[in-house]
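Next comes coords-v1.txt, with compact mmCIF, C-alpha atoms.
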```
# COMPACT_ATOMS: atom_id res chain seq x y z
CA MET A 1 29.06 -7.30 14.05
CA ASP A 2 29.01 -5.22 10.86
CA ARG A 3 26.10 -2.74 10.89
CA ASN A 4 24.85 -3.78 7.43
CA LEU A 5 24.94 -7.43 8.45
CA GLN A 6 22.79 -6.54 11.47
CA LYS A 7 20.24 -4.92 9.17
CA TYR A 8 20.15 -7.96 6.90
CA MET A 9 19.73 -10.28 9.88
CA ALA A 10 16.91 -8.08 11.19
CA PHE A 11 15.14 -8.36 7.84
CA VAL A 12 15.69 -12.12 7.51
CA LYS A 13 14.46 -12.85 11.04
CA THR A 14 11.45 -10.56 10.68
CA ALA A 15 10.46 -12.22 7.42
CA ALA A 16 11.00 -15.69 8.91
CA TYR A 17 8.94 -14.99 12.05
CA GLY A 18 6.42 -12.72 10.35
CA SER A 19 6.77 -10.34 13.28
CA PHE A 20 8.96 -7.39 14.21
CA THR A 21 8.46 -8.24 17.88
CA GLN A 22 9.51 -11.89 17.52
CA ALA A 23 12.59 -10.92 15.50
CA ALA A 24 13.50 -8.32 18.13
CA ARG A 25 13.29 -10.91 20.91
CA LYS A 26 15.40 -13.40 18.98
CA LEU A 27 18.08 -10.82 18.12
CA ASN A 28 17.98 -9.01 21.48
CA TYR A 29 16.85 -5.66 20.06
CA SER A 30 13.84 -3.48 20.68
CA GLN A 31 10.95 -3.76 18.22
CA SER A 32 11.54 -0.15 17.15
CA GLY A 33 15.24 -0.93 16.55
CA ILE A 34 14.33 -3.80 14.22
CA SER A 35 11.79 -1.61 12.43
CA ARG A 36 14.37 1.17 12.03
CA MET A 37 17.00 -1.22 10.59
CA ILE A 38 14.53 -2.56 8.04
CA GLY A 39 13.45 0.99 7.26
CA ASP A 40 17.10 1.84 6.61
CA LEU A 41 17.38 -1.05 4.13
CA GLU A 42 14.16 0.04 2.43
CA SER A 43 15.51 3.58 2.09
CA GLU A 44 18.90 2.39 0.79
CA TRP A 45 17.33 0.08 -1.78
CA ASN A 46 14.26 2.25 -2.52
CA VAL A 47 11.87 -0.70 -2.10
CA THR A 48 9.28 -1.82 0.43
CA LEU A 49 10.56 -5.04 1.99
CA LEU A 50 7.75 -5.68 4.48
CA GLU A 51 4.14 -4.55 4.71
CA ARG A 52 3.47 -2.65 7.93
CA GLY A 53 0.61 -3.52 10.26
CA ASP A 54 -2.02 -0.98 9.24
CA ASN A 55 -2.12 -2.18 5.62
CA ALA A 56 -2.56 1.35 4.30
CA GLU A 57 -2.16 0.17 0.71
CA VAL A 58 -5.31 -1.99 0.84
CA ALA A 59 -7.20 0.73 2.70
CA GLU A 60 -6.30 3.15 -0.10
CA VAL A 61 -7.65 0.75 -2.75
CA PHE A 62 -10.93 0.45 -0.83
CA ARG A 63 -11.09 4.25 -0.48
CA ARG A 64 -10.60 4.75 -4.25
CA GLN A 65 -13.45 2.31 -4.85
CA GLY A 66 -15.72 4.35 -2.58
CA LEU A 67 -15.85 1.60 0.06
CA ALA A 68 -15.44 1.97 3.80
CA PRO A 69 -15.14 -1.60 5.15
CA LYS A 70 -15.67 -2.42 8.82
CA VAL A 71 -12.71 -4.75 9.28
CA HIS A 72 -13.18 -7.33 12.02
CA VAL A 73 -10.61 -9.90 10.91
CA THR A 74 -7.42 -9.66 8.86
CA LEU A 75 -6.14 -12.86 7.26
CA TRP A 76 -3.06 -13.56 5.16
CA ASP A 77 -3.96 -17.05 3.90
CA ASP A 78 -5.60 -16.71 0.46
CA TYR A 79 -7.58 -19.94 0.78
CA ALA A 80 -8.98 -19.01 4.19
CA ILE A 81 -9.97 -15.63 2.75
CA LEU A 82 -11.68 -17.24 -0.26
CA SER A 83 -13.52 -19.68 2.00
CA MET A 84 -14.83 -16.84 4.16
CA VAL A 85 -15.87 -14.78 1.12
CA GLU A 86 -17.59 -17.84 -0.38
CA SER A 87 -19.50 -18.24 2.89
CA GLY A 88 -20.70 -14.64 2.66
CA LEU A 89 -18.53 -13.42 5.53
CA GLY A 90 -16.88 -10.54 3.73
CA VAL A 91 -15.07 -9.19 0.71
CA SER A 92 -11.41 -9.14 -0.25
CA ILE A 93 -8.96 -7.78 -2.75
CA LEU A 94 -6.81 -10.61 -4.09
CA PRO A 95 -4.31 -10.96 -6.93
CA ARG A 96 -5.77 -12.16 -10.22
CA LEU A 97 -3.36 -15.11 -10.21
CA ILE A 98 -4.92 -16.68 -7.09
CA LEU A 99 -8.38 -16.35 -8.65
CA LYS A 100 -7.56 -17.94 -12.02
CA ARG A 101 -8.08 -21.57 -11.01
CA SER A 102 -10.00 -21.03 -7.81
CA PRO A 103 -12.50 -23.79 -6.97
CA TYR A 104 -14.39 -21.30 -4.77
CA GLN A 105 -17.74 -19.92 -5.88
CA VAL A 106 -17.04 -16.20 -5.48
CA ALA A 107 -17.87 -13.17 -7.58
CA VAL A 108 -14.78 -11.62 -9.16
CA ARG A 109 -14.94 -7.94 -10.00
CA PRO A 110 -12.16 -5.80 -11.51
CA LEU A 111 -11.09 -2.67 -9.69
CA GLU A 112 -11.59 0.65 -11.46
CA PRO A 113 -9.02 2.10 -11.62
CA ALA A 114 -6.94 -1.03 -11.55
CA ALA A 115 -4.60 -1.53 -8.58
CA TYR A 116 -1.07 -2.84 -9.02
CA ARG A 117 1.68 -3.87 -6.64
CA ASP A 118 5.37 -3.52 -7.35
CA ILE A 119 7.27 -6.77 -7.14
CA VAL A 120 11.02 -6.68 -6.76
CA LEU A 121 13.22 -9.66 -7.49
CA ALA A 122 16.71 -9.53 -6.05
CA LEU A 123 19.39 -12.13 -6.69
CA ARG A 124 23.15 -12.13 -6.68
CA SER A 125 23.59 -13.56 -10.14
CA ARG A 126 21.50 -15.36 -12.73
CA ALA A 127 24.43 -17.72 -13.21
CA THR A 128 24.32 -18.93 -9.60
CA ALA A 129 20.51 -18.85 -9.26
CA SER A 130 18.70 -22.12 -8.59
CA LEU A 131 17.01 -23.94 -11.47
CA ALA A 132 13.59 -22.88 -10.16
CA VAL A 133 14.62 -19.20 -10.16
CA ARG A 134 16.09 -19.44 -13.66
CA ARG A 135 12.89 -21.06 -14.95
CA PHE A 136 10.81 -18.35 -13.27
CA LEU A 137 12.91 -15.66 -14.94
CA GLU A 138 12.26 -17.23 -18.35
CA TYR A 139 8.52 -16.61 -17.91
CA TRP A 140 8.58 -13.42 -15.86
CA THR A 141 7.67 -10.27 -17.75
CA PRO A 142 8.05 -6.99 -15.89
CA TRP A 143 4.97 -4.75 -16.11
CA ASP A 144 4.80 -0.99 -16.02
CA SER A 145 2.42 -0.16 -13.15
CA GLN A 146 1.53 3.20 -14.75
CA THR A 147 0.40 1.83 -18.11
CA GLY A 148 -0.57 -1.72 -17.11
CA LYS A 149 1.49 -3.02 -20.03
CA PRO A 150 4.74 -4.96 -20.29
CA GLY A 151 7.72 -2.85 -19.32
CA GLU A 152 11.37 -3.17 -20.22
```

Output the file's structure as C-alpha cells, nothing else.
Amino acid sequence: MDRNLQKYMAFVKTAAYGSFTQAARKLNYSQSGISRMIGDLESEWNVTLLERGDNAEVAEVFRRQGLAPKVHVTLWDDYAILSMVESGLGVSILPRLILKRSPYQVAVRPLEPAAYRDIVLALRSRATASLAVRRFLEYWTPWDSQTGKPGE
C-alpha cells in the first residue's frame, strides 16, 4: 500500500475511533506507529490534526489566567460539561458559540488575554463540495488569531 495512503488511513481511523490505540488495533500497527504517521501528516501540512492526550493547550490557557485546576475528570461532550458546571462541579473553557444559546445557568467570563484556536478547512474543490459545505463557506469568515479581527 502507498505510504501516503497508509498515513491518511491512520488519520481517518484515529478520528473515527477517537483513539490512537483503537486505530492501531484495527490497522494492525503499533500505537506509536499510528501516532508517528499522523505526526508526519501534521508536519507535511503544518497543521494540528488531532489533539493529544495531555491537552497542553487548555492547560496553557489556565496557566495564563493564573489558575491551577485539580483535574479529576476530562469530558469532551459540551452539554455534559455545561451540566456539571451548572451543578457546581467545576469550571470549563468553552467556545463562545456553544454558550450563545445555552439553556444552562452558568456564569460566562471572557479570558484575558483572549484565547483562540486555529481552525483549518480542507476540501478538494468548492465545485464538488456538498451543499452544506458550500453554504458554510458563504458564512465563514477567517479570523486573524493575532489581532482577533477578520483576516483575509

Do you know which residues are at most 12 Å from Ser87 (chain A) counting only C-alpha atoms, after dropping those on the same chain fewer than 3 positions away, and could you put them as a PyMOL selection string?
chain A and resi 80-84+90-91+104-107

Writer output for current selection, C-alpha atoms, as a compact mmCIF listing (two decimals), in the frame of the given file:
```txt
# COMPACT_ATOMS: atom_id res chain seq x y z
CA ALA A 80 -8.98 -19.01 4.19
CA ILE A 81 -9.97 -15.63 2.75
CA LEU A 82 -11.68 -17.24 -0.26
CA SER A 83 -13.52 -19.68 2.00
CA MET A 84 -14.83 -16.84 4.16
CA GLY A 90 -16.88 -10.54 3.73
CA VAL A 91 -15.07 -9.19 0.71
CA TYR A 104 -14.39 -21.30 -4.77
CA GLN A 105 -17.74 -19.92 -5.88
CA VAL A 106 -17.04 -16.20 -5.48
CA ALA A 107 -17.87 -13.17 -7.58
```

Next on the checklist: So that I can check the surroundings of region 32-43 of chain A, please list as a count of residues only every protein, DNA and RNA residue that reaches within 12 Å of it, counting all atoms listed in the file and ignoring chain neighbours fewer than 4 positions away.
Outcome noted: 31

Please, which residues in region 52-89 of chain A fall within 10 Å of region 109-112 of chain A when counting only C-alpha atoms, and what is the closest atom pair and distance in Å to one decimal for each, ordered by chain then residue number, as JSON lines?
```
{"residue": "A:Val61", "atom": "CA", "partner": "A:Leu111", "partner_atom": "CA", "distance": 8.5}
{"residue": "A:Phe62", "atom": "CA", "partner": "A:Leu111", "partner_atom": "CA", "distance": 9.4}
{"residue": "A:Arg64", "atom": "CA", "partner": "A:Glu112", "partner_atom": "CA", "distance": 8.4}
{"residue": "A:Gln65", "atom": "CA", "partner": "A:Glu112", "partner_atom": "CA", "distance": 7.1}
```

Give me a file of those residues, with C-alpha atoms, as a PDB file, keeping the file's coordinate frame.
```pdb
ATOM      1  CA  VAL A  61      -7.650   0.750  -2.750  1.00  0.00           C
ATOM      2  CA  PHE A  62     -10.930   0.450  -0.830  1.00  0.00           C
ATOM      3  CA  ARG A  64     -10.600   4.750  -4.250  1.00  0.00           C
ATOM      4  CA  GLN A  65     -13.450   2.310  -4.850  1.00  0.00           C
TER       5      GLN A  65
END
```

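Going from CA of Tyr139 (chain A) to CA of Leu97 (chain A) covers 14.2 Å.
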
Would you mind reading off the distance between CA of Trp140 (chain A) and CA of Leu123 (chain A), one decimal, in Å?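 A separation of 14.2 Å between them.
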